[in-house]
Each structure stands twice: as structure tokens, then as C-alpha cells.
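Beneath this line is the structure, given in C-alpha cells, with notes to follow.
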Amino acid sequence: MEPTKLNMTDYRSTTESFTWQVPDYYNFVLDDFDRWSADRTKIALTTVSPDGRQASRLTFRDLTVLSSQFANVLKELGIKRGDRVFLMLPRSEEWYIAVLGMIRAGVVAMPTPNMVTGHDIEYRFSRTEAVMAVTDAEGAGKIDAVADKLPWLKTKVMTGEPRKGWLSFDDLLEKAPRRFDPDDFGGTTKSSDPMLIYFTSGTTGNPKMVRHTQSYAIAHTVTARYIQNLRSTDIIWVHADTGWAKTAYGKLFGQWIEGATVLQWQMGGRFEPKYMPEIIERYGVSVMCAPPTAYRMLVGHLDLSKYDWSELKHALSAGEPLNPDVIRAWKEQTGLTIYDYYGQTETIPVVANFQSMPVKDGSMGVPTPGYDVEVVDDEGNVLPRGTEGNIAIRVKPFHPPGVFQGYWRDEESTLIVGDWYLTGDRAYRDEDGYFWFVGRADDLIKSSGYRIGPFEVESALQEHPAVLECAVIGVPDDLRGQLVKAFVILAPGYEETPGLVKELQDHVMQVTAPYKYPRIIEFVSELPKTISGKVRRVELREREKARDASA
């Protein structure tokens with residue numbers, strides 16, 4: 001289908017008339033992915049080498065057959081519908097074969113970041129009671145190191161060279177039948193059957209389990225059609241690790257429902273921004289999405305004007321708020337606007353900037369079709385425009401697909417107030433209905449009666465050329481309640497001096513407001529982060545408490 005472009009008039013009529021069509025029985029692979037395999041030449045997946053110069057391709061037909069074989073492997077190994085399977089593989093063809101095979105069979109996949117360690121692995125297995133693991137040699141070593149703490153793990157499968165105690169992914173696949181019969185797993189799945197389990201990034205505490213049903217895939221039609229503007233001839237590249245929900249956003253569901261080609265980059269160890277423009281040129285990427293960190297590195301380290309951007313029609317960003325100065329620098333060098341959008345592991349994108357609608361640099365955008373999103377107070381009352389509050393999604397009387405039903409086995413942690421699910425994020429809406437991110441509710445700083453979001457202070461600091469990275473928290477103060485403190489990693493060529501501290505403070509006062517400037521600045525060499533790359537402000541606060549206690 002043609003992409004759906006919205007101006008403000010179209011946007012209002014679309015959101016007002018939008019209705020969800022969710023059948024009782026649905027399976028993403030059987031009902032949507034497989035229908036594209038009738039064209040045996042249509043490319044579903046392009047996998048690019050670390051240097052960007054080589055690529056392998058799989059058609060929809062290839063992946064239909066291979067994932068059917070993997071579903072039959074699951075049957076042979078005694079894995080049943082609803083069983084949980086720990087899936088930790090890098091950006092590879094095997095990851096897609098495995099996850100599509102699991103969804104096809106109604107087995108619940110647990111995509112896991114490749115950076116997790118023994119403690120993280122033990123935590124995930126203990127919370128889910130997963131009975132099987134699929135990983136590579138590196139992951140197998142990590143799992144074996146804590147094997148005595150994983151009593152539920154009965155079946156271990158790995159890619160690559162064989163390892164004692166592990167079954168070979170390739171050998172199992174080669175011997176498996178090519179045709180899959182859903183009746184082997186009790187018939188096709190219900191739309192309400194569990195499909196995926198993700199763990200939250202743990203920025204404010206231990207990760208919680210987000211369990212999505214088969215209908216989650218249907219919800220991502222909104223992502224693909226309205227936000228990414230995809231047609232079946234597009235090639236989309238989303239820079240994301242397979243272990244995070246960003247892959248579900250941009251490399252799996254909506255994209256293949258629309259019949260687009262997904263590109264993945266087998267990035268080596270260290271992120272090298274120079275390869276990204278080259279890959280876009282060489283493979284004709286038409287839609288891309290990257291996190292703000294990647295955009296910052298691209299505009300800060302490369303002359304982007306020397307590349308050919310003519311085939312790239314749409315650039316997006318998600319994962320964390322995007323600083324306005326990065327949006328402006330990207331536009332100046334490439335001629336392209338970055339369209340920011342907002343969602344959580346718990347949801348699909350529920351707020352976004354759409355093409356053919358005005359973009360306000362730094363704004364998250366407006367609610368996506370099918371979702372009633374508002375800013376509410378702690379009692380669930382909708383707040384006036386311009387008033388900061390909780391970002392909330394209406395889940396009663398109708399619970400829209402794509403919004404989880406609650407943290408699995410931790411339901412009491414789900415914050416439902418009245419008709420609203422409170423996301424834990426804070427924002428305000430302007431007079432035009434655009435959302436402006438303030439920060440996580442747990443991260444808000446209260447100083448001298450003012451409420452200060454760390455993101456706006458970080459954005460101001462980030463505009464200064466001396467700042468490579470930064471994080472802002474509140475620290476206790478007897479007079480003001482809290483003081484704003486900034487942790488700053490300096491850009492190359494800058495040195496820590498009292499003069500630079502004052503310069504940064506003055507800069508923030510000029511960019512935002514005098515009461516928001518960081519009264520304390522500490523220069524650091526690194527910031528604590530989750531394995532998804534988000535700054536752990538909670539850890540910075542804990543460090544400050546420990547420092548005060550020992551003083």
C-alpha cells in the first residue's frame with residue numbers, strides 16, 4: 001500500500017475514525033509474514049557485514065521455510081506452546097529464524113541483549129522459568145558459568161562450532177521437516193496468547209517482565225504505516241540490538257506486515273559512525289531509525305554533506321529524547337528532518353512526529369492513531385495545556401493492543417489510576433497538543449519549590465561544545481531541598497577548570513532558566529548505563545548517598 005502521510009486535518013480525521021480490528025485467533029507469522037512468501041524473489045532480510053561491504057539476503061520464502069523447520073525443531077525437543085525460551089543471539093539470520101519459528105509455534109521468545117552477564121542471565125531464568133536457551137558460543141560460555149543456578153533449563157542450542165552439552169542449531173535445522181503443521185502445537189494461536197517477554201531496561205530498579213501477546217504485532221501496523229511511512233518497496237534500517245523492544249518496533253512486525261525489506265548491520269565491537277552513511281548509500285536504505293547517541297556521533301564526527309542522501313526519504317529517532325541541537329545539525333548537513341517518537345518496552349510508539357506535519361524541534365510529537373494519550377495528575381485528572389504531569393495512556397474501558405496488560409508476575413508494580421496507565425514519564429502538552437518530555441518521574445528534581453526535569457538541563461549542557469556526554473540528578477540540600485548536579489564527560493580538547501564550570505553554568509542559565517542551572521558540576525570519565533545504553537541516574541543518586549554517608 002502507499003504510505004500514509006498526514007497533515008493536521010488528515011491527522012485529526014484519522015485519529016477520530018481509527019478503530020482496532022483484532023481477531024480472536026491470530027498468529028503474526030502464519031497470518032501476515034507467510035503471505036509475502038508467494039513471491040519467491042521478494043527480499044525480507046538483508047544482513048550487512050561489519051565493514052558494510054558485503055551482504056547476504058533471505059527472501060520471505062526462505063524465512064518461511066527456515067522458521068517452519070525451527071518450529072519443527074522445537075516440537076522434536078519437546079518444547080510446548082507457552083514455554084519460555086531464552087534467546088540471545090547477535091544481529092544474525094539465525095536470530096530471525098529462531099524468533100519466527102517460536103512465534104509460529106506459539107512458544108514464548110525472550111529476546112535478550114548480548115551484553116548480559118551471569119547475574120542478569122540467572123535473574124531472567126529465575127523470573128521466567130525458561131526451559132530452553134538459544135545462543136552463540138559467547139552466550140553459551142556465560143550460561144555454562146551459572147548453569148548450577150538454572151534448574152529450569154533443560155535444552156541448550158547454540159549456533160557456530162559445537163560445544164559439550166549443547167545441541168547444534170545448524171544440525172537440528174538441517175534435519176527438520178520443511179512444512180509446519182499448527183496442529184502439532186494445538187492449532188493456531190489466539191491473539192491474546194503470549195508471544196514475547198521483554199525485560200525493562202532497569203533505569204530505576206530491577207528489570208521487570210513485559211509480556212506481549214500476539215496482538216502486539218497487529219498494533220505495530222501503526223508504527224510502520226503512520227510513523228515510518230513504509231511501503232512494500234522500502235528498505236528500512238533500524239539501528240538496534242536484537243535483545244530490545246526497538247527491534248520489535250522497527251525490524252520485525254509492522255515492517256513485514258507491510259512487506260518492506262529489513263536491513264540489519266552485523267556491527268563489530270565498537271560503534272563506528274563512519275560506516276552508517278556508507279551503508280545507506282550502498283544498499284539504498286530509504287527509511288532509517290537510530291538512537292540519539294548515534295545521531296550525536298554522526299553529526300559530531302563526520303562531514304555528512306559529502307554523502308548521497310537522495311534515496312533516504314525518512315529519518316527517525318527513538319529510545320530516549322532527542323536534543324534539538326542534534327536535529328538542527330543533521331538537517332543542515334543532510335537536508336533531512338529527524339522525526340522523533342516515543343514509546344516504551346511496555347507499549348508500541350504512542351506519541352510521534354509524522355511526515356507532512358509541522359515538527360517542533362525537541363518535541364515528542366502527538367498521539368498516534370488508536371491511542372488516547374494525555375498528561376494527567378497523580379489522581380488521573382487530565383491537566384490543562386502547558387502543565388507538567390504524568391504521561392498516561394487510556395486503557396479503560398477499551399484496552400488497546402500494543403499496551404501490555406501489566407508486569408508479569410509483578411502486577412502490583414503496574415501503575416493504573418482510574419482509566420489510565422501511567423508510564424512513569426513526565427511531560428507537558430503545548431497549545432497545539434504536542435508533547436514535551438521532562439523526565440522520568442523518579443528523576444525529577446525539586447529545588448526551592450521548582451520542579452526541574454533533568455533532560456532539559458542535559459539538553460542545554462549538550463549544546464555546549466565542551467560537553468561530550470552528561471547526566472543530571474538532584475542531590476540533597478538543607479536550604480533548597482535539592483540542588484541540581486551535573487556529571488559531565490568533556491569533549492576532546494577541553495580541560496577541567498573553574499572557568500569552564502562557570503561557563504557551563506552560565507550557558508544553562510541562558511538556554512533554559514536561571515533556577516535550572518547545575519550548582520554542582522563534576523567532571524567524570526564515564527557514566528553508569530544500562531545494557532541498552534541509557535544512563536542510570538538511580539546509580540548516580542546512590543553514589544551520592546554513599547558519599548554523604550561516609551563523609
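Residue numbers start at 1 in each chain; chains themselves are named A, B, ... in the order of the C-alpha cells; ligands are numbered from 1 in the order shown.
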
Every residue of stretch 330-419 of chain A that DSSP places in helix (DSSP H, G or I), as an MDAnalysis selection string: chainID A and resid 330:334 411:413

Within 10 Å of A:Gln482 using only C-alpha atoms, minus same-chain residues under 5 positions, as a VMD selection string: chain A and resid 445 to 450 473 to 477

Based on the selection just made, write C-alpha atoms of those residues as a PDB file, in the first residue's frame.
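Final output, out04.pdb:
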```
ATOM      1  CA  ILE A 445      14.433  17.385  40.877  1.00  0.00           C
ATOM      2  CA  LYS A 446      12.593  19.579  43.400  1.00  0.00           C
ATOM      3  CA  SER A 447      14.619  22.653  44.299  1.00  0.00           C
ATOM      4  CA  SER A 448      13.341  25.728  46.152  1.00  0.00           C
ATOM      5  CA  GLY A 449       9.770  24.874  45.147  1.00  0.00           C
ATOM      6  CA  TYR A 450      10.672  24.400  41.482  1.00  0.00           C
ATOM      7  CA  ILE A 473      20.384  14.459  39.146  1.00  0.00           C
ATOM      8  CA  GLY A 474      19.173  16.160  42.303  1.00  0.00           C
ATOM      9  CA  VAL A 475      21.285  15.968  45.461  1.00  0.00           C
ATOM     10  CA  PRO A 476      20.025  16.765  48.993  1.00  0.00           C
ATOM     11  CA  ASP A 477      20.376  20.314  50.308  1.00  0.00           C
TER      12      ASP A 477
END
```

Polymer residues at most 12 Å from A:Trp95, only C-alpha atoms, same-chain spacing of 3 or more positions, as a PyMOL selection string: chain A and resi 45+47+63+66-67+70+86-92+98-102+109-114+134-136+158-159+169+241-243+247+251-252+264+266

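Within 6 Å of A:Ala318, once only C-alpha atoms are used and residues closer than 6 positions along the same chain are dropped, the contacting residues are Pro291, Asp340 and Tyr341 of chain A.
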
Picked from stretch 319-394 of chain A by DSSP as strand (DSSP E), as a PyMOL selection string: chain A and resi 338-342+351-352+366-367+373-376+389-394

Output the selection as an mmCIF file, in the first residue's frame - C-alpha atoms for each residue.
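Written file, result11.cif:
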```
data_model
loop_
_atom_site.group_PDB
_atom_site.id
_atom_site.type_symbol
_atom_site.label_atom_id
_atom_site.label_comp_id
_atom_site.auth_asym_id
_atom_site.auth_seq_id
_atom_site.Cartn_x
_atom_site.Cartn_y
_atom_site.Cartn_z
ATOM 1 C CA ILE A 338 14.721 13.693 12.195
ATOM 2 C CA TYR A 339 11.267 12.602 13.308
ATOM 3 C CA ASP A 340 11.324 11.730 16.990
ATOM 4 C CA TYR A 341 8.816 9.364 18.554
ATOM 5 C CA TYR A 342 8.058 7.966 21.989
ATOM 6 C CA VAL A 351 3.425 9.627 20.571
ATOM 7 C CA ALA A 352 5.211 10.611 17.365
ATOM 8 C CA VAL A 366 1.352 13.997 19.083
ATOM 9 C CA PRO A 367 -0.566 10.784 19.960
ATOM 10 C CA VAL A 373 -2.598 9.761 25.413
ATOM 11 C CA GLU A 374 -2.777 12.638 27.861
ATOM 12 C CA VAL A 375 -0.910 14.412 30.634
ATOM 13 C CA VAL A 376 -2.628 13.711 33.948
ATOM 14 C CA GLY A 389 2.276 15.868 34.701
ATOM 15 C CA ASN A 390 2.320 12.130 34.053
ATOM 16 C CA ILE A 391 2.252 10.740 30.523
ATOM 17 C CA ALA A 392 -0.767 8.430 30.570
ATOM 18 C CA ILE A 393 -2.469 6.053 28.113
ATOM 19 C CA ARG A 394 -6.172 5.296 28.399
#
```

Selection near stretch 272-284 of chain A, 7 Å with only C-alpha atoms, sequence-local residues under 6 positions removed, as an MDAnalysis selection string: chainID A and resid 51:52 297:298 302 307:308 311

Nearest-residue call for A:Ile218, choices A:Val484, A:Ile348, A:Ile97, A:Leu74, using only C-alpha atoms: A:Ile348

Nearest residue to A:Tyr295 from the set A:His239, A:His464, A:Arg53, A:Arg225 (distances using only C-alpha atoms):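 With only C-alpha atoms as the atom set, the closest residue is A:His239.
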
Interatomic distance, atom CA of A:Lys164 to atom CA of A:Lys142 (Å, one decimal): 13.9 Å

Shell of 9 Å around A:Ala486, only C-alpha atoms, local chain residues under 6 positions omitted, as a tab-separated table (two decimals) with C-alpha atoms, in the first residue's frame:
```tsv
chain	number	residue	atom	x	y	z
A	457	VAL	CA	19.24	20.65	31.79
A	458	GLU	CA	21.10	17.88	29.96
A	461	LEU	CA	24.57	21.32	28.53
A	470	CYS	CA	26.26	14.40	30.61
A	471	ALA	CA	23.74	13.32	33.23
A	472	VAL	CA	21.85	15.44	35.76
A	473	ILE	CA	20.38	14.46	39.15
A	474	GLY	CA	19.17	16.16	42.30
A	518	PRO	CA	23.62	23.00	37.80
A	519	ARG	CA	25.03	24.45	41.02
A	520	ILE	CA	27.43	21.49	41.16
A	521	ILE	CA	29.36	20.12	38.18
A	522	GLU	CA	31.53	17.02	38.48
A	523	PHE	CA	33.73	16.01	35.57
```

Write out as a CSV table (one decimal) with N, CA and C atoms, in the first residue's frame the residues lying within 6 Å of A:Leu58, counting only C-alpha atoms and excluding same-chain residues fewer than 3 positions away.
```
chain,number,residue,atom,x,y,z
A,43,ILE,N,12.7,-9.9,-1.2
A,43,ILE,CA,13.7,-9.9,-0.1
A,43,ILE,C,13.0,-9.5,1.2
A,44,ALA,N,13.2,-10.3,2.2
A,44,ALA,CA,12.7,-9.9,3.6
A,44,ALA,C,13.8,-9.3,4.4
A,45,LEU,N,15.0,-9.9,4.3
A,45,LEU,CA,16.1,-9.6,5.3
A,45,LEU,C,17.4,-9.4,4.5
A,62,ASP,N,12.4,-17.9,1.9
A,62,ASP,CA,13.5,-18.6,2.6
A,62,ASP,C,13.1,-18.6,4.1
```

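The space between atom CA of A:Asp548 and atom CA of A:Asp478 spans 13.0 Å.
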
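Here atom CA of A:Phe33 and atom CA of A:Glu258 stand 9.1 Å from one another.
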